[in-house]
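Participant: Quick one: structure below, then a few questions.
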Amino acid sequence: MSVLEPTDHVVIVGAGFAGWRLVEALRRDGYEGTLTLLGEEAYPPYDRPPLSKQVLSLKWDLEKATLATPERIAAANVELRLGVRAVGLDVGSNTVQLEDGSGVTGTHVVIATGTRARRLPFSADGSLLALRNRDDVERLRAALDAIDPGGVVVIIGGGFIGAEVATQLHERGFYSVVLEAATRPLVGVVGLEVAGWLERLADDAGVDLRTSQEITDVTTDGRGYSVNFADGTALDAALVVLGVGAVVNDEWLEGSGLVIDNGVVVNENLLATERIAAIGDVARFGWPNVMGEELVRIEHWEVANMHAQRLAHFWTTGEGPNDYMVPYFWSDQYGKKIQMLGHPRPDDDVVRVHGGPDEGKWVALFSRGGVVTGIIALAQPRALMLSKHFLERPTTLGRALEEAPWAN
């Protein structure tokens, strides 16, 4: 692997968080060559997490979420081409083909096209809202302005986005109803036991959470919506928001010759080929961790950030990672902050080591085969971070319980 030279040209496809962080990291690590950042949206790169939190709650205006200010763009010496959609990639020439018929050729290409909101085949799909990007939050805020205070807003999906949207709408005076198909929200992420502890948060916050919901259709008469269920009942709503997960933006790479399997498959250095990489939500990457190595795709803000730092370091020094990357995510929902370190499986063993649901704060450890695989906390950020080292090297559950840093 030869490191980047001043004569190189790095083309980054995807002007979201991961793409912009890579621009910054490459410049910080000393890359002096040409940088081109291509984005399908018309806006400079911005941060997505605030959209379902501070922006939706009206505490921030949209511009406050912008990452790539004019000053930062100038300092990074990067060419931004916005409002252009990539439709193909010629790996032989490292040429990104655009919808307008033009192409951009570089010496290196980085795929950072992320994900988009999943849709469902309902009759009213064309008018159902989601919350994934800047246009989505503008449409949602405008729709909320048009309905009466106290109006019923149905959120389909009780995962992280659904819960965050429901929380903000409840705080703004709307009646939030969250409809979740599973027996408990987030059960496929954190497992049955932890999902049970989290389930009660909605009720404590005054949000109407309904689980095991089988929705057959959502219809509209132009004035409101009807959510129809398999048991023949229906629920009327002023607005319906979808929060049912995401779809990987990798279709444009079909026929490229890259390995596409629930994302772009890359190695531990985030490379699909020597000169083509993928980072962020779109990357399915080799992840060395305390349990060995897994091929994973993780939709976390911090993972995208770490990908950008690691790829920049590898391409500017030739040095791969020499430590475990510890995934981290957080979610503000129902008046509480949920945080997790690691990437445990939902069927991993779990033990609560501090606090409890009745206290409204707790810390729990996930383990597999007696080795700690994850740490999750509710309203206990310091205790969580004091425990991070358990995932930076293999640590037995027994040793973690004996050390008990959360008790300090």
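Following the order of the structure tokens, chains are lettered A, B, ..., residues in each are numbered from 1, and ligands are numbered from 1.
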At most 10 Å is the cut-off: for each residue in stretch 262-372 of chain A with any atom that close to an atom of stretch 86-101 of chain A, write down the nearest atom pair and the distance in Å rounded to one decimal, counting only C-alpha atoms, chain first then increasing number, as JSON lines.

Facilitator:
```
{"residue": "A:Thr273", "atom": "CA", "partner": "A:Val91", "partner_atom": "CA", "distance": 8.7}
{"residue": "A:Arg275", "atom": "CA", "partner": "A:Asn94", "partner_atom": "CA", "distance": 8.0}
{"residue": "A:Ile276", "atom": "CA", "partner": "A:Asn94", "partner_atom": "CA", "distance": 7.8}
```

Participant: Can you check which residues of stretch 116-317 of chain A DSSP gives as alpha helix (DSSP H) on the backbone and send them as a PyMOL selection string?

Facilitator: chain A and resi 134-145+160-171+187-205+301-317

Participant: Between A:Leu129, A:Ala404, A:Ala237, A:Val13, which one has atoms that come closest to A:Asp221, using only C-alpha atoms?

Facilitator: A:Ala237

Participant: Name the residues in contact with A:Leu22 at a cut-off of 8 Å, using only C-alpha atoms, excluding same-chain residues fewer than 2 positions from it; report them as a list in words.

Facilitator: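 Close residues of A:Leu22: Ala18, Gly19, Trp20, Glu24, Ala25, Leu26, Ala308, Gln309, Leu311 and Ala312 of chain A.
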
Participant: Could those residues be written to a file, using C-alpha atoms, as a PDB file, in the first residue's frame?

Facilitator:
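Saved the output as again.pdb:
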```
ATOM      1  CA  ALA A  18     -18.929  10.295   7.224  1.00  0.00           C
ATOM      2  CA  GLY A  19     -17.871  11.967   3.987  1.00  0.00           C
ATOM      3  CA  TRP A  20     -17.283  15.330   5.612  1.00  0.00           C
ATOM      4  CA  GLU A  24     -11.376  16.941   7.656  1.00  0.00           C
ATOM      5  CA  ALA A  25      -9.344  13.892   8.704  1.00  0.00           C
ATOM      6  CA  LEU A  26      -7.408  13.699   5.437  1.00  0.00           C
ATOM      7  CA  ALA A 308     -13.216   8.453   8.656  1.00  0.00           C
ATOM      8  CA  GLN A 309     -10.315   8.798  11.100  1.00  0.00           C
ATOM      9  CA  LEU A 311      -9.209   5.451   6.663  1.00  0.00           C
ATOM     10  CA  ALA A 312      -7.467   8.834   6.607  1.00  0.00           C
TER      11      ALA A 312
END
```

Participant: Just the residues within 9 Å of A:Glu164, please, counting only C-alpha atoms, with nothing from its chain fewer than 2 positions along; format it as a ChimeraX atom specification.

Facilitator: /A:52-53,159-162,166-169,331-334

Participant: Neighbours of stretch 141-150 of chain A within 8 Å (only C-alpha atoms; same-chain residues fewer than 3 positions away dropped), as a PyMOL selection string?

Facilitator: chain A and resi 56+137-138+173-175+238-239

Participant: Next, write the just-selected residues to a file, as a tab-separated table (two decimals), in the first residue's frame, keeping N, CA and C atoms as the atom set.

Facilitator:
```
chain	number	residue	atom	x	y	z
A	56	LEU	N	-36.18	19.15	15.66
A	56	LEU	CA	-37.60	18.85	15.71
A	56	LEU	C	-38.28	19.51	16.91
A	137	VAL	N	-37.18	16.73	7.83
A	137	VAL	CA	-37.53	17.46	9.05
A	137	VAL	C	-38.26	18.76	8.71
A	138	GLU	N	-37.93	19.38	7.56
A	138	GLU	CA	-38.67	20.57	7.16
A	138	GLU	C	-40.12	20.23	6.84
A	173	GLY	N	-46.69	19.05	22.81
A	173	GLY	CA	-48.12	19.08	23.08
A	173	GLY	C	-48.98	18.20	22.21
A	174	PHE	N	-48.39	17.43	21.31
A	174	PHE	CA	-49.15	16.50	20.48
A	174	PHE	C	-49.35	15.17	21.23
A	175	TYR	N	-50.37	14.43	20.83
A	175	TYR	CA	-50.61	13.13	21.44
A	175	TYR	C	-49.90	12.09	20.58
A	238	ALA	N	-54.05	12.66	12.86
A	238	ALA	CA	-53.85	13.86	12.06
A	238	ALA	C	-52.61	13.74	11.18
A	239	LEU	N	-51.67	12.89	11.60
A	239	LEU	CA	-50.41	12.75	10.90
A	239	LEU	C	-49.83	11.37	11.21
```

Participant: Taking the DSSP secondary structure from the backbone, can you list the residues of stretch 257-371 of chain A that are strand (DSSP E), as a PyMOL selection string?

Facilitator: chain A and resi 264-266+276-278+283-289+292-296+328-333+336-342+349-356+361-368+371

Participant: Could those selected residues go to a file with N, CA and C atoms, as a compact mmCIF listing (two decimals), in the first residue's frame?

Facilitator:
```
# COMPACT_ATOMS: atom_id res chain seq x y z
N VAL A 264 -21.40 -2.41 1.18
CA VAL A 264 -20.16 -2.65 0.44
C VAL A 264 -19.19 -3.39 1.36
N VAL A 265 -18.80 -4.59 0.98
CA VAL A 265 -17.93 -5.39 1.82
C VAL A 265 -16.49 -4.88 1.71
N VAL A 266 -15.91 -4.54 2.87
CA VAL A 266 -14.55 -4.04 2.93
C VAL A 266 -13.78 -4.77 4.03
N ILE A 276 -10.26 1.81 -3.61
CA ILE A 276 -11.68 2.10 -3.37
C ILE A 276 -12.03 1.66 -1.96
N ALA A 277 -12.63 2.56 -1.19
CA ALA A 277 -12.97 2.29 0.20
C ALA A 277 -14.45 2.59 0.42
N ALA A 278 -14.98 2.12 1.53
CA ALA A 278 -16.34 2.45 1.95
C ALA A 278 -16.33 2.70 3.44
N ALA A 283 -20.92 0.73 4.73
CA ALA A 283 -19.80 -0.22 4.77
C ALA A 283 -20.13 -1.44 5.61
N ARG A 284 -19.87 -2.62 5.04
CA ARG A 284 -19.91 -3.86 5.81
C ARG A 284 -18.46 -4.29 5.97
N PHE A 285 -17.95 -4.14 7.16
CA PHE A 285 -16.51 -4.15 7.35
C PHE A 285 -16.04 -5.26 8.29
N GLY A 286 -14.80 -5.66 8.08
CA GLY A 286 -14.17 -6.60 8.99
C GLY A 286 -13.86 -5.90 10.30
N TRP A 287 -14.42 -6.42 11.40
CA TRP A 287 -14.31 -5.75 12.69
C TRP A 287 -13.62 -6.64 13.71
N PRO A 288 -12.32 -6.46 13.94
CA PRO A 288 -11.65 -7.18 15.02
C PRO A 288 -12.17 -6.69 16.37
N ASN A 289 -12.53 -7.59 17.25
CA ASN A 289 -13.09 -7.20 18.54
C ASN A 289 -12.73 -8.26 19.58
N GLY A 292 -13.07 -11.90 18.56
CA GLY A 292 -12.46 -12.37 17.32
C GLY A 292 -12.65 -11.35 16.22
N GLU A 293 -13.12 -11.78 15.06
CA GLU A 293 -13.41 -10.84 13.97
C GLU A 293 -14.76 -11.19 13.35
N GLU A 294 -15.55 -10.16 13.10
CA GLU A 294 -16.88 -10.33 12.50
C GLU A 294 -17.00 -9.40 11.30
N LEU A 295 -17.88 -9.77 10.38
CA LEU A 295 -18.24 -8.89 9.27
C LEU A 295 -19.54 -8.22 9.64
N VAL A 296 -19.50 -6.91 9.85
CA VAL A 296 -20.66 -6.21 10.39
C VAL A 296 -20.94 -4.94 9.58
N TYR A 328 -20.11 2.93 19.57
CA TYR A 328 -20.84 3.67 20.61
C TYR A 328 -22.06 4.31 19.98
N PHE A 329 -23.18 4.26 20.69
CA PHE A 329 -24.33 5.04 20.24
C PHE A 329 -25.09 5.57 21.44
N TRP A 330 -25.91 6.58 21.18
CA TRP A 330 -26.77 7.13 22.21
C TRP A 330 -28.10 7.49 21.59
N SER A 331 -29.11 7.59 22.44
CA SER A 331 -30.44 8.00 21.99
C SER A 331 -31.13 8.73 23.13
N ASP A 332 -31.69 9.90 22.83
CA ASP A 332 -32.46 10.66 23.81
C ASP A 332 -33.93 10.38 23.58
N GLN A 333 -34.54 9.64 24.50
CA GLN A 333 -35.95 9.30 24.31
C GLN A 333 -36.68 9.21 25.63
N LYS A 336 -35.02 10.41 28.80
CA LYS A 336 -33.82 9.72 29.30
C LYS A 336 -32.79 9.57 28.19
N LYS A 337 -31.53 9.39 28.59
CA LYS A 337 -30.47 9.14 27.62
C LYS A 337 -30.03 7.68 27.72
N ILE A 338 -30.16 6.97 26.60
CA ILE A 338 -29.69 5.59 26.50
C ILE A 338 -28.35 5.62 25.78
N GLN A 339 -27.37 4.90 26.33
CA GLN A 339 -26.04 4.83 25.70
C GLN A 339 -25.58 3.38 25.70
N MET A 340 -24.86 2.99 24.64
CA MET A 340 -24.33 1.64 24.58
C MET A 340 -22.96 1.64 23.94
N LEU A 341 -22.08 0.82 24.50
CA LEU A 341 -20.76 0.56 23.95
C LEU A 341 -20.68 -0.87 23.48
N GLY A 342 -19.96 -1.10 22.39
CA GLY A 342 -19.85 -2.44 21.84
C GLY A 342 -20.95 -2.71 20.83
N ASP A 349 -25.89 -12.97 26.91
CA ASP A 349 -26.31 -12.92 28.31
C ASP A 349 -26.24 -11.48 28.79
N VAL A 350 -27.09 -11.13 29.74
CA VAL A 350 -27.09 -9.76 30.26
C VAL A 350 -27.26 -9.79 31.78
N VAL A 351 -26.51 -8.92 32.45
CA VAL A 351 -26.63 -8.79 33.90
C VAL A 351 -26.62 -7.30 34.24
N ARG A 352 -27.61 -6.89 35.02
CA ARG A 352 -27.65 -5.50 35.47
C ARG A 352 -26.73 -5.36 36.68
N VAL A 353 -25.81 -4.40 36.62
CA VAL A 353 -24.79 -4.30 37.65
C VAL A 353 -24.93 -3.06 38.53
N HIS A 354 -25.81 -2.15 38.13
CA HIS A 354 -25.95 -0.91 38.91
C HIS A 354 -27.33 -0.32 38.65
N GLY A 355 -27.99 0.15 39.69
CA GLY A 355 -29.29 0.79 39.55
C GLY A 355 -30.38 -0.19 39.16
N GLY A 356 -31.50 0.36 38.66
CA GLY A 356 -32.62 -0.48 38.26
C GLY A 356 -33.72 0.34 37.63
N LYS A 361 -32.46 4.73 36.35
CA LYS A 361 -31.06 4.75 35.90
C LYS A 361 -30.45 3.39 36.22
N TRP A 362 -29.59 2.92 35.30
CA TRP A 362 -28.97 1.62 35.50
C TRP A 362 -27.84 1.40 34.51
N VAL A 363 -27.02 0.40 34.81
CA VAL A 363 -25.95 -0.05 33.93
C VAL A 363 -26.04 -1.57 33.84
N ALA A 364 -25.85 -2.10 32.63
CA ALA A 364 -25.88 -3.56 32.44
C ALA A 364 -24.75 -3.97 31.51
N LEU A 365 -24.27 -5.19 31.70
CA LEU A 365 -23.23 -5.76 30.86
C LEU A 365 -23.80 -6.90 30.02
N PHE A 366 -23.41 -6.94 28.75
CA PHE A 366 -23.68 -8.09 27.89
C PHE A 366 -22.44 -8.97 27.89
N SER A 367 -22.63 -10.28 27.78
CA SER A 367 -21.48 -11.18 27.68
C SER A 367 -21.85 -12.38 26.84
N ARG A 368 -20.79 -13.00 26.28
CA ARG A 368 -20.96 -14.21 25.48
C ARG A 368 -19.79 -15.14 25.81
N VAL A 371 -17.31 -13.61 28.27
CA VAL A 371 -16.51 -12.44 27.90
C VAL A 371 -17.45 -11.26 27.66
```

Participant: Using only C-alpha atoms, pick whichever of A:Gly370, A:Pro394, A:Pro185, A:Pro121 has the shortest atom-to-atom distance to A:Glu199.

Facilitator: A:Pro185

Participant: Counting only C-alpha atoms, which residue out of A:Ile215, A:Ile156, A:Met306, A:Leu58 sits closest to A:Arg21?

Facilitator: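 Of A:Ile215, A:Ile156, A:Met306, A:Leu58, the one nearest A:Arg21 is A:Met306, counting only C-alpha atoms.
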
Participant: Near A:Val248, counting only C-alpha atoms, which residues have an atom at most 7 Å away, once you skip same-chain residues fewer than 6 positions from it, shown as an MDAnalysis selection string?

Facilitator: chainID A and resid 114:116 263 282

Participant: Would you put the residues from that selection into a file with C-alpha atoms, as a PDB file, in the first residue's frame?

Facilitator:
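Produced file selection_6.pdb, reproduced below:
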```
ATOM      1  CA  GLY A 114     -25.126   5.850   3.791  1.00  0.00           C
ATOM      2  CA  THR A 115     -28.743   4.793   4.085  1.00  0.00           C
ATOM      3  CA  ARG A 116     -32.221   6.156   3.456  1.00  0.00           C
ATOM      4  CA  GLY A 263     -23.555  -2.915   2.091  1.00  0.00           C
ATOM      5  CA  VAL A 282     -22.907   1.764   3.752  1.00  0.00           C
TER       6      VAL A 282
END
```

Participant: With only C-alpha atoms as the counted atoms, please give the residues lying no more than 6 Å from A:Val109, apart from itself and same-chain residues fewer than 2 positions off, as a list in words.

Facilitator: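 The residues satisfying every condition are Val10, Val11, Ile12 and Ile276 of chain A.
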
Participant: Can you spit out the residues from that selection as a PDB file, in the first residue's frame, using C-alpha atoms?

Facilitator:
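Below you can see result-v7.pdb, which holds the result:
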```pdb
ATOM      1  CA  VAL A  10      -9.631  11.507  -3.670  1.00  0.00           C
ATOM      2  CA  VAL A  11     -13.291  11.450  -4.733  1.00  0.00           C
ATOM      3  CA  ILE A  12     -15.755  10.974  -1.890  1.00  0.00           C
ATOM      4  CA  ILE A 276     -11.677   2.100  -3.366  1.00  0.00           C
TER       5      ILE A 276
END
```

Participant: Please indicate the distance in Å from atom CA of A:Val326 to atom CA of A:Arg345, rounded to one decimal place.

Facilitator: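 About the pair atom CA of A:Val326 and atom CA of A:Arg345: they are 14.5 Å apart.
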
Participant: Could you tell me how far atom CA of A:Pro6 lies from atom CA of A:Tyr31, in Å and to one decimal?

Facilitator: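 Value for the atom CA of A:Pro6-atom CA of A:Tyr31 distance: 6.8 Å.
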
Participant: So the first atom is atom CA of A:Asp236 and the second is atom CA of A:Val177; what is the distance between them in Å, to one decimal place?

Facilitator: 10.7 Å

Participant: From the set A:Val240, A:Ala304, A:Val110, A:Val290, which residue has the shortest atom-to-atom contact distance to A:Arg48, counting only C-alpha atoms?

Facilitator: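 For A:Arg48, the nearest of the given residues is A:Ala304.
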